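Okay, protein_4.txt now, which holds compact mmCIF, C-alpha atoms:
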```
# COMPACT_ATOMS: atom_id res chain seq x y z
CA MET A 10 -33.65 -34.93 13.58
CA VAL A 11 -35.36 -37.35 11.20
CA THR A 12 -33.15 -39.91 9.49
CA SER A 13 -33.85 -42.39 6.72
CA SER A 14 -34.07 -46.12 7.32
CA LEU A 15 -32.81 -46.77 3.80
CA ALA A 16 -29.25 -48.01 3.53
CA THR A 17 -27.03 -45.80 1.40
CA ASP A 18 -23.68 -46.42 -0.21
CA PRO A 19 -21.18 -44.02 1.41
CA ARG A 20 -19.34 -43.87 -1.90
CA ASP A 21 -22.44 -42.47 -3.63
CA PRO A 22 -22.23 -38.64 -3.44
CA TYR A 23 -25.88 -38.26 -4.38
CA ALA A 24 -26.95 -40.54 -1.56
CA ALA A 25 -24.58 -38.77 0.83
CA ALA A 26 -26.15 -35.46 -0.14
CA GLY A 27 -29.55 -36.70 0.92
CA ALA A 28 -31.22 -38.07 -2.22
CA GLY A 29 -34.57 -39.57 -1.26
CA ASN A 30 -34.20 -38.14 2.22
CA ASP A 31 -35.03 -34.47 2.03
CA ASN A 32 -35.61 -33.59 5.67
CA HIS A 33 -32.53 -34.70 7.60
CA ILE A 34 -30.03 -32.07 6.48
CA ALA A 35 -28.93 -29.33 8.86
CA VAL A 36 -29.29 -25.95 7.16
CA PRO A 37 -27.51 -22.99 8.80
CA ALA A 38 -29.26 -19.66 8.22
CA GLY A 39 -27.87 -18.06 5.09
CA LEU A 40 -25.54 -21.06 4.62
CA ARG A 41 -23.28 -19.41 7.17
CA ASN A 42 -19.90 -21.20 7.44
CA VAL A 43 -20.88 -23.75 4.78
CA ALA A 44 -18.11 -24.33 2.22
CA VAL A 45 -19.77 -24.75 -1.18
CA ALA A 46 -16.69 -24.94 -3.40
CA ARG A 47 -12.91 -24.92 -3.50
CA THR A 48 -11.21 -21.84 -4.88
CA ALA A 49 -7.67 -20.67 -5.57
CA LEU A 50 -8.77 -17.07 -6.14
CA GLY A 51 -8.58 -15.84 -2.57
CA GLY A 52 -10.24 -15.90 0.81
CA VAL A 53 -11.32 -14.03 3.90
CA ARG A 54 -10.06 -14.63 7.44
CA GLY A 55 -12.74 -12.94 9.47
CA ASP A 56 -11.17 -13.43 12.90
CA GLU A 57 -7.89 -11.92 11.73
CA GLY A 58 -9.30 -9.02 9.73
CA PHE A 59 -7.45 -10.18 6.63
CA TYR A 60 -8.40 -11.05 3.06
CA HIS A 61 -6.34 -11.95 0.02
CA TYR A 62 -6.39 -12.39 -3.75
CA ARG A 63 -4.61 -15.65 -4.48
CA GLN A 64 -1.53 -15.54 -2.23
CA TYR A 65 -1.29 -11.76 -1.84
CA SER A 66 -2.84 -9.38 0.67
CA ALA A 67 -5.66 -7.55 -1.11
CA VAL A 68 -4.95 -4.38 0.88
CA GLU A 69 -1.30 -4.47 -0.13
CA LEU A 70 -2.27 -4.97 -3.77
CA ALA A 71 -4.63 -1.99 -3.57
CA SER A 72 -1.85 0.13 -2.10
CA LYS A 73 1.00 -0.91 -4.39
CA ARG A 74 -0.27 -2.42 -7.66
CA SER A 75 -2.53 -1.18 -10.43
CA LEU A 76 -6.04 -2.38 -11.13
CA GLU A 77 -4.82 -4.01 -14.34
CA ASP A 78 -2.04 -5.90 -12.52
CA THR A 79 -4.52 -7.23 -9.96
CA TRP A 80 -6.95 -8.15 -12.73
CA HIS A 81 -4.19 -10.11 -14.47
CA LEU A 82 -3.37 -11.87 -11.21
CA LEU A 83 -6.94 -13.09 -10.80
CA ILE A 84 -7.70 -14.34 -14.29
CA GLU A 85 -4.21 -15.38 -15.39
CA GLY A 86 -3.04 -16.73 -12.04
CA HIS A 87 0.05 -14.58 -11.47
CA LEU A 88 1.17 -10.97 -11.28
CA PRO A 89 2.44 -9.82 -14.67
CA ALA A 90 6.01 -9.00 -15.59
CA ARG A 91 6.49 -5.60 -17.20
CA GLU A 92 5.87 -6.69 -20.80
CA GLN A 93 2.90 -8.80 -19.75
CA ALA A 94 1.45 -5.87 -17.81
CA GLU A 95 1.77 -3.56 -20.80
CA GLY A 96 0.19 -6.09 -23.13
CA PHE A 97 -2.67 -6.79 -20.76
CA ALA A 98 -3.34 -3.08 -20.25
CA ARG A 99 -3.50 -2.59 -24.04
CA ALA A 100 -5.96 -5.48 -24.38
CA VAL A 101 -8.16 -4.09 -21.61
CA ALA A 102 -8.11 -0.62 -23.18
CA ALA A 103 -9.21 -2.04 -26.55
CA ASP A 104 -11.99 -4.00 -24.89
CA ARG A 105 -13.42 -0.88 -23.24
CA VAL A 106 -15.01 0.18 -26.53
CA VAL A 107 -18.80 -0.34 -26.66
CA PRO A 108 -19.97 -2.10 -29.87
CA PRO A 109 -21.68 0.39 -32.24
CA GLU A 110 -24.90 -1.67 -32.25
CA VAL A 111 -25.10 -1.22 -28.48
CA LEU A 112 -23.97 2.40 -28.42
CA GLU A 113 -26.77 3.52 -30.72
CA ARG A 114 -29.38 1.95 -28.43
CA LEU A 115 -28.04 3.34 -25.16
CA PRO A 116 -30.14 6.55 -25.24
CA ALA A 117 -33.34 4.51 -25.38
CA ILE A 118 -32.13 2.19 -22.63
CA ALA A 119 -31.07 5.08 -20.40
CA SER A 120 -34.45 6.80 -20.74
CA ALA A 121 -36.52 3.64 -20.30
CA CYS A 122 -34.83 2.37 -17.12
CA PRO A 123 -35.42 3.86 -13.65
CA ASP A 124 -31.75 4.03 -12.69
CA THR A 125 -28.23 3.48 -13.99
CA LEU A 126 -27.91 0.00 -12.48
CA SER A 127 -31.02 -1.36 -14.19
CA ALA A 128 -29.88 0.30 -17.43
CA LEU A 129 -26.52 -1.43 -17.01
CA ARG A 130 -28.22 -4.83 -16.75
CA THR A 131 -30.14 -4.18 -19.95
CA SER A 132 -27.15 -2.85 -21.86
CA LEU A 133 -24.89 -5.68 -20.72
CA SER A 134 -27.47 -8.20 -21.85
CA LEU A 135 -27.55 -6.53 -25.26
CA THR A 136 -23.73 -6.38 -25.37
CA GLY A 137 -23.48 -10.10 -24.72
CA ALA A 138 -25.86 -10.81 -27.58
CA VAL A 139 -24.03 -8.46 -29.97
CA LEU A 140 -20.65 -9.96 -29.07
CA GLY A 141 -22.06 -13.42 -29.69
CA LEU A 142 -21.04 -14.83 -26.32
CA GLY A 143 -21.60 -18.55 -26.53
CA PRO A 144 -21.91 -21.32 -23.95
CA THR A 145 -18.89 -21.75 -21.74
CA HIS A 146 -19.30 -25.52 -21.73
CA GLY A 147 -16.73 -26.93 -24.13
CA ALA A 148 -15.40 -23.51 -25.17
CA PRO A 149 -11.63 -23.13 -25.74
CA PRO A 150 -9.81 -21.59 -22.76
CA ALA A 151 -8.48 -18.71 -24.89
CA GLN A 152 -12.03 -17.81 -25.92
CA LEU A 153 -13.23 -17.92 -22.32
CA LEU A 154 -10.42 -15.58 -21.22
CA ALA A 155 -11.19 -13.18 -24.06
CA ASP A 156 -14.92 -13.16 -23.30
CA ALA A 157 -14.30 -12.63 -19.59
CA ARG A 158 -11.95 -9.73 -20.18
CA ARG A 159 -14.29 -8.17 -22.76
CA VAL A 160 -17.33 -8.18 -20.48
CA ALA A 161 -15.40 -6.81 -17.49
CA ALA A 162 -13.63 -4.13 -19.53
CA VAL A 163 -16.73 -2.73 -21.21
CA THR A 164 -18.74 -2.45 -17.98
CA PRO A 165 -17.33 0.92 -16.76
CA THR A 166 -17.72 2.37 -20.25
CA LEU A 167 -21.39 1.42 -20.20
CA VAL A 168 -21.86 2.84 -16.69
CA ALA A 169 -20.27 6.14 -17.67
CA ALA A 170 -22.24 6.40 -20.92
CA LEU A 171 -25.55 5.62 -19.24
CA HIS A 172 -24.88 8.09 -16.46
CA ARG A 173 -24.09 10.86 -18.90
CA LEU A 174 -27.17 10.11 -20.99
CA ARG A 175 -29.35 10.14 -17.88
CA THR A 176 -27.92 13.53 -16.89
CA GLY A 177 -28.37 15.10 -20.33
CA THR A 178 -24.83 14.84 -21.71
CA GLU A 179 -23.29 12.78 -24.47
CA PRO A 180 -21.21 9.63 -23.84
CA ILE A 181 -17.44 9.93 -24.16
CA ARG A 182 -15.35 7.34 -25.97
CA PRO A 183 -12.63 5.52 -24.04
CA ASP A 184 -9.05 6.75 -24.19
CA ALA A 185 -6.63 3.87 -24.71
CA GLY A 186 -3.81 5.98 -23.33
CA LEU A 187 -5.29 6.05 -19.83
CA GLY A 188 -5.46 3.41 -17.15
CA HIS A 189 -8.77 1.76 -16.37
CA ALA A 190 -9.60 3.84 -13.28
CA ALA A 191 -8.45 7.14 -14.78
CA ASP A 192 -10.45 6.57 -17.95
CA TYR A 193 -13.56 5.66 -15.98
CA LEU A 194 -13.47 8.97 -14.15
CA ARG A 195 -12.77 10.86 -17.38
CA MET A 196 -15.70 9.20 -19.13
CA LEU A 197 -17.95 10.14 -16.21
CA THR A 198 -16.94 13.78 -15.86
CA GLY A 199 -15.70 14.67 -19.33
CA LYS A 200 -12.37 15.92 -18.03
CA PRO A 201 -9.21 14.50 -16.48
CA SER A 202 -9.42 13.92 -12.73
CA SER A 203 -6.74 14.82 -10.22
CA PRO A 204 -4.07 12.21 -9.53
CA GLU A 205 -5.36 12.03 -5.94
CA SER A 206 -8.88 11.16 -7.09
CA VAL A 207 -7.63 8.61 -9.61
CA ASN A 208 -5.47 6.96 -6.97
CA ALA A 209 -8.34 6.90 -4.46
CA VAL A 210 -10.84 5.39 -6.90
CA GLU A 211 -8.28 2.84 -8.10
CA ARG A 212 -7.64 1.77 -4.50
CA TYR A 213 -11.36 1.40 -3.98
CA LEU A 214 -11.77 -0.65 -7.16
CA VAL A 215 -8.87 -2.99 -6.37
CA SER A 216 -9.98 -3.48 -2.76
CA THR A 217 -13.50 -4.52 -3.77
CA ILE A 218 -12.79 -6.86 -6.70
CA ASP A 219 -13.43 -9.98 -4.66
CA HIS A 220 -14.40 -10.93 -1.14
CA GLY A 221 -15.04 -14.62 -0.65
CA PHE A 222 -18.30 -16.29 -1.62
CA ASN A 223 -20.55 -13.27 -1.17
CA ALA A 224 -24.09 -13.38 -2.57
CA SER A 225 -23.30 -12.03 -6.04
CA THR A 226 -20.17 -14.16 -6.51
CA PHE A 227 -22.01 -17.31 -5.45
CA THR A 228 -24.81 -16.41 -7.87
CA ALA A 229 -22.31 -16.03 -10.71
CA ARG A 230 -20.79 -19.43 -9.98
CA VAL A 231 -24.16 -21.19 -9.76
CA ILE A 232 -25.19 -19.82 -13.14
CA ALA A 233 -21.79 -20.51 -14.69
CA SER A 234 -21.96 -24.12 -13.51
CA THR A 235 -24.78 -24.75 -15.99
CA GLY A 236 -22.42 -24.08 -18.90
CA THR A 237 -24.22 -20.96 -20.08
CA ASP A 238 -22.45 -17.89 -21.49
CA ILE A 239 -20.38 -15.55 -19.32
CA GLY A 240 -22.78 -12.66 -19.91
CA SER A 241 -25.70 -14.55 -18.38
CA ALA A 242 -23.69 -15.37 -15.26
CA ILE A 243 -22.67 -11.72 -14.91
CA LEU A 244 -26.26 -10.55 -15.24
CA GLY A 245 -27.33 -12.86 -12.43
CA ALA A 246 -24.54 -11.58 -10.21
CA LEU A 247 -25.46 -8.01 -11.05
CA GLY A 248 -29.03 -8.69 -9.99
CA ALA A 249 -27.80 -9.93 -6.62
CA LEU A 250 -25.61 -6.85 -6.22
CA THR A 251 -28.55 -4.45 -6.48
CA GLY A 252 -29.87 -5.38 -3.04
CA PRO A 253 -29.39 -2.81 -0.26
CA LEU A 254 -27.87 -5.51 1.96
CA HIS A 255 -25.12 -6.09 -0.61
CA GLY A 256 -24.04 -3.52 -3.19
CA GLY A 257 -26.49 -0.80 -2.22
CA ALA A 258 -25.07 -0.22 1.26
CA PRO A 259 -22.53 2.62 0.59
CA ALA A 260 -25.24 5.02 -0.58
CA LEU A 261 -27.26 4.20 2.54
CA ALA A 262 -24.22 4.88 4.73
CA LEU A 263 -23.91 8.36 3.25
CA SER A 264 -27.63 8.97 3.81
CA MET A 265 -27.04 8.04 7.45
CA LEU A 266 -24.43 10.80 7.74
CA ASP A 267 -26.97 13.24 6.29
CA ASP A 268 -29.56 12.15 8.86
CA ILE A 269 -27.13 12.71 11.72
CA GLY A 270 -25.98 16.05 10.34
CA ALA A 271 -24.16 18.28 12.79
CA ALA A 272 -25.65 16.61 15.86
CA ASP A 273 -23.95 14.10 18.10
CA ALA A 274 -24.54 10.63 16.66
CA THR A 275 -25.20 9.01 20.04
CA ALA A 276 -28.94 9.79 20.25
CA TRP A 277 -29.42 8.76 16.63
CA VAL A 278 -27.74 5.40 17.23
CA GLU A 279 -29.79 4.81 20.38
CA ALA A 280 -33.00 5.38 18.43
CA GLN A 281 -31.89 3.03 15.65
CA VAL A 282 -30.94 0.26 18.06
CA ALA A 283 -34.16 0.68 20.06
CA GLY A 284 -36.12 0.32 16.82
CA GLY A 285 -34.21 -2.80 15.79
CA ARG A 286 -32.78 -1.09 12.72
CA ARG A 287 -29.36 -1.68 11.22
CA ILE A 288 -26.57 0.88 11.41
CA MET A 289 -25.36 0.97 7.80
CA GLY A 290 -21.59 0.86 7.52
CA PHE A 291 -21.04 -0.97 10.81
CA GLY A 292 -20.81 -4.68 11.56
CA HIS A 293 -20.03 -7.46 9.11
CA ALA A 294 -21.19 -11.01 8.50
CA VAL A 295 -17.62 -12.34 8.39
CA TYR A 296 -15.25 -9.97 10.18
CA ARG A 297 -15.01 -10.08 13.97
CA THR A 298 -12.52 -7.24 13.97
CA GLU A 299 -12.06 -4.14 11.84
CA ASP A 300 -12.80 -4.64 8.16
CA PRO A 301 -9.39 -4.26 6.45
CA ARG A 302 -11.06 -2.55 3.50
CA ALA A 303 -12.46 0.08 5.86
CA ARG A 304 -8.99 0.69 7.26
CA LEU A 305 -7.53 1.14 3.77
CA LEU A 306 -10.31 3.45 2.61
CA ARG A 307 -10.20 5.49 5.83
CA GLU A 308 -6.52 6.16 5.13
CA THR A 309 -7.43 7.02 1.55
CA ALA A 310 -10.17 9.42 2.68
CA LEU A 311 -7.81 11.14 5.10
CA GLU A 312 -5.35 11.67 2.26
CA LEU A 313 -8.13 13.32 0.24
CA GLY A 314 -9.11 15.51 3.20
CA GLY A 315 -12.01 17.94 3.46
CA GLU A 316 -14.85 18.79 5.85
CA ARG A 317 -16.88 15.70 4.93
CA VAL A 318 -13.94 13.46 5.84
CA GLU A 319 -13.33 15.25 9.14
CA ARG A 320 -17.00 14.94 10.06
CA ALA A 321 -17.00 11.26 9.07
CA VAL A 322 -14.15 10.59 11.50
CA GLU A 323 -16.10 12.24 14.33
CA ILE A 324 -19.33 10.35 13.57
CA GLU A 325 -17.51 7.04 13.24
CA GLU A 326 -16.04 7.41 16.73
CA GLN A 327 -19.40 8.43 18.22
CA ILE A 328 -21.18 5.48 16.61
CA LEU A 329 -18.53 2.97 17.71
CA GLN A 330 -18.67 4.23 21.30
CA ALA A 331 -22.47 4.05 21.34
CA LEU A 332 -22.54 0.55 19.87
CA ALA A 333 -19.93 -0.67 22.37
CA ARG A 334 -22.15 0.58 25.20
CA LEU A 335 -25.48 -0.62 23.74
CA LYS A 336 -24.21 -4.00 22.52
CA PRO A 337 -21.39 -4.90 24.94
CA HIS A 338 -21.40 -8.59 24.02
CA ARG A 339 -20.80 -7.96 20.31
CA GLN A 340 -17.70 -6.70 18.56
CA ILE A 341 -19.06 -4.23 16.02
CA ALA A 342 -16.53 -2.39 13.89
CA THR A 343 -16.69 -0.15 10.85
CA ASN A 344 -17.11 -1.99 7.56
CA VAL A 345 -16.15 -1.13 4.00
CA GLU A 346 -19.43 0.60 3.09
CA TYR A 347 -18.88 3.51 5.47
CA TRP A 348 -15.53 4.65 4.13
CA ALA A 349 -16.29 3.62 0.55
CA ALA A 350 -19.12 6.14 0.62
CA ILE A 351 -16.80 8.88 1.89
CA VAL A 352 -14.09 8.15 -0.68
CA LEU A 353 -16.44 8.02 -3.65
CA ASP A 354 -18.25 11.15 -2.50
CA SER A 355 -14.95 12.98 -2.01
CA CYS A 356 -13.96 12.07 -5.58
CA GLY A 357 -17.13 13.66 -6.94
CA LEU A 358 -19.20 10.55 -7.69
CA PRO A 359 -22.94 10.97 -7.07
CA ARG A 360 -24.68 8.40 -4.91
CA SER A 361 -26.52 7.00 -7.89
CA LEU A 362 -23.13 5.75 -9.12
CA PHE A 363 -21.95 4.08 -5.91
CA THR A 364 -23.34 0.63 -6.66
CA PRO A 365 -22.66 0.80 -10.43
CA THR A 366 -19.03 1.69 -9.59
CA PHE A 367 -18.93 -1.26 -7.20
CA ALA A 368 -20.12 -3.38 -10.14
CA CYS A 369 -17.24 -2.07 -12.28
CA SER A 370 -14.88 -3.55 -9.71
CA ARG A 371 -16.70 -6.72 -8.74
CA VAL A 372 -17.29 -7.78 -12.36
CA ILE A 373 -13.56 -8.57 -12.51
CA GLY A 374 -13.91 -10.91 -9.55
CA TRP A 375 -17.09 -12.43 -10.97
CA THR A 376 -15.41 -13.27 -14.26
CA ALA A 377 -12.46 -14.86 -12.43
CA HIS A 378 -14.86 -17.03 -10.44
CA ILE A 379 -16.79 -17.91 -13.57
CA LEU A 380 -13.60 -19.07 -15.29
CA GLU A 381 -12.67 -21.16 -12.25
CA GLN A 382 -16.14 -22.70 -12.04
CA VAL A 383 -16.23 -23.52 -15.74
CA SER A 384 -12.86 -25.26 -15.47
CA GLU A 385 -14.37 -27.69 -12.97
CA SER A 386 -17.29 -28.74 -15.24
CA THR A 387 -19.44 -29.38 -12.17
CA LEU A 388 -23.11 -28.44 -11.98
CA ILE A 389 -23.96 -26.84 -8.64
CA ARG A 390 -27.00 -28.78 -7.44
CA PRO A 391 -27.42 -28.63 -3.65
CA SER A 392 -30.13 -30.28 -1.60
CA ALA A 393 -32.87 -28.66 0.44
CA ALA A 394 -34.29 -29.64 3.81
CA TYR A 395 -38.05 -30.09 3.50
CA VAL A 396 -39.89 -28.56 6.49
CA GLY A 397 -43.55 -28.83 5.43
CA PRO A 398 -46.23 -31.31 6.58
CA PRO A 399 -45.05 -34.93 6.38
CA PRO A 400 -45.82 -36.58 3.04
CA PRO A 401 -47.58 -38.37 1.57
CA ALA A 402 -50.90 -36.82 2.51
CA PRO A 403 -54.20 -37.98 0.96
CA LEU A 404 -55.63 -35.59 -1.60
CA PRO A 405 -58.81 -33.86 -0.37
```
Now, as a test, write the supplied structure out as structure tokens.
Amino acid sequence: MVTSSLATDPRDPYAAAGAGNDNHIAVPAGLRNVAVARTALGGVRGDEGFYHYRQYSAVELASKRSLEDTWHLLIEGHLPAREQAEGFARAVAADRVVPPEVLERLPAIASACPDTLSALRTSLSLTGAVLGLGPTHGAPPAQLLADARRVAAVTPTLVAALHRLRTGTEPIRPDAGLGHAADYLRMLTGKPSSPESVNAVERYLVSTIDHGFNASTFTARVIASTGTDIGSAILGALGALTGPLHGGAPALALSMLDDIGAADATAWVEAQVAGGRRIMGFGHAVYRTEDPRARLLRETALELGGERVERAVEIEEQILQALARLKPHRQIATNVEYWAAIVLDSCGLPRSLFTPTFACSRVIGWTAHILEQVSESTLIRPSAAYVGPPPPAPLP
């Protein structure tokens, strides 16, 4: 390891970070296990198979509290009392309405973009401009809270409208009398969904609001640290979510089930492992035991029932047994993507909506992180370890 001969003041954070000495810093791949900020919003305990939102188990919240209650917890800092919950739900319902200037342009956006997710990015960018979202730096806290709630609330309305336009049907206006999850399904399908489907989708949404400093959340905080508007930070996070290694994984997990079909999954897994390919829906960067979200959504899928669910249980067991034999030195368990795909599919959502629906959930977590980052007024400006030829070199 190369070190600098220059003396540095240990009290100088810039010097401690490596200013003027760009090649001595250890850089773990993917910043694995590097703490980049302090947060009171929640955390993940990978060895225990546990994650939480503030001080509460996220799985317990998904099982016992509404999406709106959990949303309130994250951005307001506490679970709401009854009157607070009712007031917050009314505010969210009002914020679900798409501005008319955006609504009239959605048909053109839907037809011009290759998929719903890219159309969502475009329409959210337009929404931010129409709403006049200003810089977060120096903005009053009440304005920041209102902007955060507005952006998060309108996202599922945009997703539903864009999906309907792309499938040849007209958008449906929000219904303030319905909860967030129930109204999302109604705006997608044009009719009320069963209580079982609403409950399943709400569990999914609550369980995926936040999950540590994942790629999209970190992106949102980096952008927010510059003091820009909330919409810009959300757009950056949404871009990160589109990757198949992040938000795109549930659709790939369902495609895997299609590939396996009615056959035993063992031979399929052996071929994937021999080819060095990933098994979508299995293994996790943080968890060393079963993903608690997978456990929750497996239970949810079993409650929904059906042939697809029964087959998913069989394939899961076959894959886990094959992986245990092929990779005996690694603990590989089912992750959230596998059972998320089954739950969403069982509730009638097409695969093209899996990642956009994930965005409808995660945008709540993003906005909470943005608010926390803005409150710190600290620009995120890390160092890099230079690994090229030693400078200075003479110009040719």
Mind running region 192-301 of chain A against region 386-390 of chain A at 12 Å and telling me each contacting residue's nearest atom pair with the distance in Å (one decimal), counting all atoms listed in the file, chain and number ascending, as CSV?
```
residue,atom,partner,partner_atom,distance
A:Phe227,CA,A:Ile389,CA,10.2
A:Thr228,CA,A:Ile389,CA,10.5
A:Ala229,CA,A:Ile389,CA,11.1
A:Arg230,CA,A:Ile389,CA,8.2
A:Val231,CA,A:Ile389,CA,5.8
A:Ile232,CA,A:Ile389,CA,8.4
A:Ala233,CA,A:Leu388,CA,8.5
A:Ser234,CA,A:Leu388,CA,4.7
A:Thr235,CA,A:Leu388,CA,5.7
A:Gly236,CA,A:Ser386,CA,7.8
A:Thr237,CA,A:Leu388,CA,11.1
```
Find the smallest box with edges along x, y and z containing every listed atom of region 170-185 of chain A, then add 5 Å on each side and report centre and edge lengths in Å to one decimal, as AutoDock Vina command-line options.
```
--center_x -18.0 --center_y 9.5 --center_z -21.2 --size_x 32.7 --size_y 21.2 --size_z 19.5
```
Distance in Å - CA of Thr79 (chain A) versus CA of Arg297 (chain A):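 About the pair CA of Thr79 (chain A) and CA of Arg297 (chain A): they are 26.3 Å apart.
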Under the rule that all atoms listed in the file are counted, which of A:Leu154, A:Val101, A:Ser206, A:Glu113 is the nearest residue to Leu174 (chain A)?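 The closest residue to Leu174 (chain A) is A:Glu113.
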What gap, in Å, lies between CA of Thr198 (chain A) and CA of Ala310 (chain A)?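 It comes out at 20.2 Å.
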Polymer residues at most 6 Å from (-8.2, 10.4, -2.6) by only C-alpha atoms, as a PDB file with C-alpha atoms, in the frame of the given file:
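After the write, result.pdb holds the following:
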```pdb
ATOM      1  CA  GLU A 205      -5.360  12.030  -5.940  1.00  0.00           C
ATOM      2  CA  SER A 206      -8.880  11.160  -7.090  1.00  0.00           C
ATOM      3  CA  ALA A 209      -8.340   6.900  -4.460  1.00  0.00           C
ATOM      4  CA  THR A 309      -7.430   7.020   1.550  1.00  0.00           C
ATOM      5  CA  ALA A 310     -10.170   9.420   2.680  1.00  0.00           C
ATOM      6  CA  GLU A 312      -5.350  11.670   2.260  1.00  0.00           C
ATOM      7  CA  LEU A 313      -8.130  13.320   0.240  1.00  0.00           C
TER       8      LEU A 313
END
```
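The space between CA of Leu126 (chain A) and CA of Tyr347 (chain A) spans 20.4 Å.
For the residues A:Val163, A:Leu88, A:Ala67, A:Leu153, ranking by smallest atom-to-atom distance to Leu133 (chain A) using only C-alpha atoms places A:Val163 first.
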Looking at A:Phe97, A:Phe367, A:Tyr213, A:Tyr193, which one is nearest to Leu70 (chain A), with distances taken over all atoms listed in the file?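 Selected residue with least distance to Leu70 (chain A): A:Tyr213.
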Contacts of Ala102 (chain A) at 12 Å or less, counting all atoms listed in the file, minus same-chain residues fewer than 2 places along, as a PyMOL selection string? chain A and resi 77+95-100+104-107+158-159+161-166+182-193
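If you measure from each of A:Val383, A:Val282, A:Ile181, A:Ala350 to Pro144 (chain A) using all atoms listed in the file, the closest one turns out to be A:Val383.
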Between A:Ile373, A:Ala342, A:Ile84, A:Ala117, which has the minimum distance to Ala303 (chain A) (counting all atoms listed in the file)?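 Distance minimum relative to Ala303 (chain A) lands on A:Ala342.
With only C-alpha atoms as the atoms that count, the minimum distance from Ala224 (chain A) to the choices A:Phe363, A:Arg195, A:Leu40, A:Pro398 is reached by A:Leu40.
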Give me, as an NGL selection string, all polymer residues having an atom no more than 12 Å from region 52-65 of chain A, counting all atoms listed in the file and skipping those fewer than 6 positions away in the same chain. :A and (42 or 44 or 46 or 71-74 or 78-88 or 215-223 or 292-305 or 340 or 342-345 or 373-374 or 377-378)
Nearby residues (all atoms listed in the file) at most 12 Å from Arg175 (chain A), same-chain spacing under 4 positions excluded, as a list of chain:residue names: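 The residues that qualify are A:Leu115, A:Pro116, A:Ala117, A:Ile118, A:Ala119, A:Ser120, A:Ala121, A:Cys122, A:Pro123, A:Asp124, A:Thr125, A:Leu126, A:Ala128, A:Leu129, A:Val168, A:Ala169, A:Ala170, A:Leu171, A:Glu179, A:Pro180, A:Leu197, A:Ser361, A:Leu362.
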Contact residues around Arg130 (chain A) with all atoms listed in the file at 8 Å, ignoring same-chain residues under 6 positions, as a count of residues only: 3
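Near (-21.6, -21.6, -23.5), the residues that fall inside 8 Å on the basis of all atoms listed in the file are Leu142, Gly143, Pro144, Thr145, His146, Gly147, Ala148, Gly236, Thr237, Asp238 and Ile239 of chain A.
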Mind running region 215-318 of chain A against region 352-358 of chain A at 9 Å and telling me each contacting residue's nearest atom pair with the distance in Å (one decimal), counting only C-alpha atoms, chain and number ascending, as a tab-separated table?
```
residue	atom	partner	partner_atom	distance
A:Leu263	CA	A:Asp354	CA	8.5
A:Leu306	CA	A:Val352	CA	6.9
A:Arg307	CA	A:Val352	CA	8.0
A:Thr309	CA	A:Val352	CA	7.1
A:Ala310	CA	A:Val352	CA	5.3
A:Leu313	CA	A:Ser355	CA	7.2
A:Gly314	CA	A:Ser355	CA	8.2
A:Gly315	CA	A:Ser355	CA	7.9
A:Arg317	CA	A:Ser355	CA	7.7
A:Val318	CA	A:Ser355	CA	7.9
```
Same residues, C-alpha atoms, output as a compact mmCIF listing (two decimals), in the frame of the given file:
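Contents of the output file selection-v7.txt:
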```txt
# COMPACT_ATOMS: atom_id res chain seq x y z
CA LEU A 263 -23.91 8.36 3.25
CA LEU A 306 -10.31 3.45 2.61
CA ARG A 307 -10.20 5.49 5.83
CA THR A 309 -7.43 7.02 1.55
CA ALA A 310 -10.17 9.42 2.68
CA LEU A 313 -8.13 13.32 0.24
CA GLY A 314 -9.11 15.51 3.20
CA GLY A 315 -12.01 17.94 3.46
CA ARG A 317 -16.88 15.70 4.93
CA VAL A 318 -13.94 13.46 5.84
```
Hey, what's within 9 Å of Gln330 (chain A) if we count all atoms listed in the file and toss same-chain stuff fewer than 5 positions away? As a ChimeraX atom specification, please? /A:275,325,335
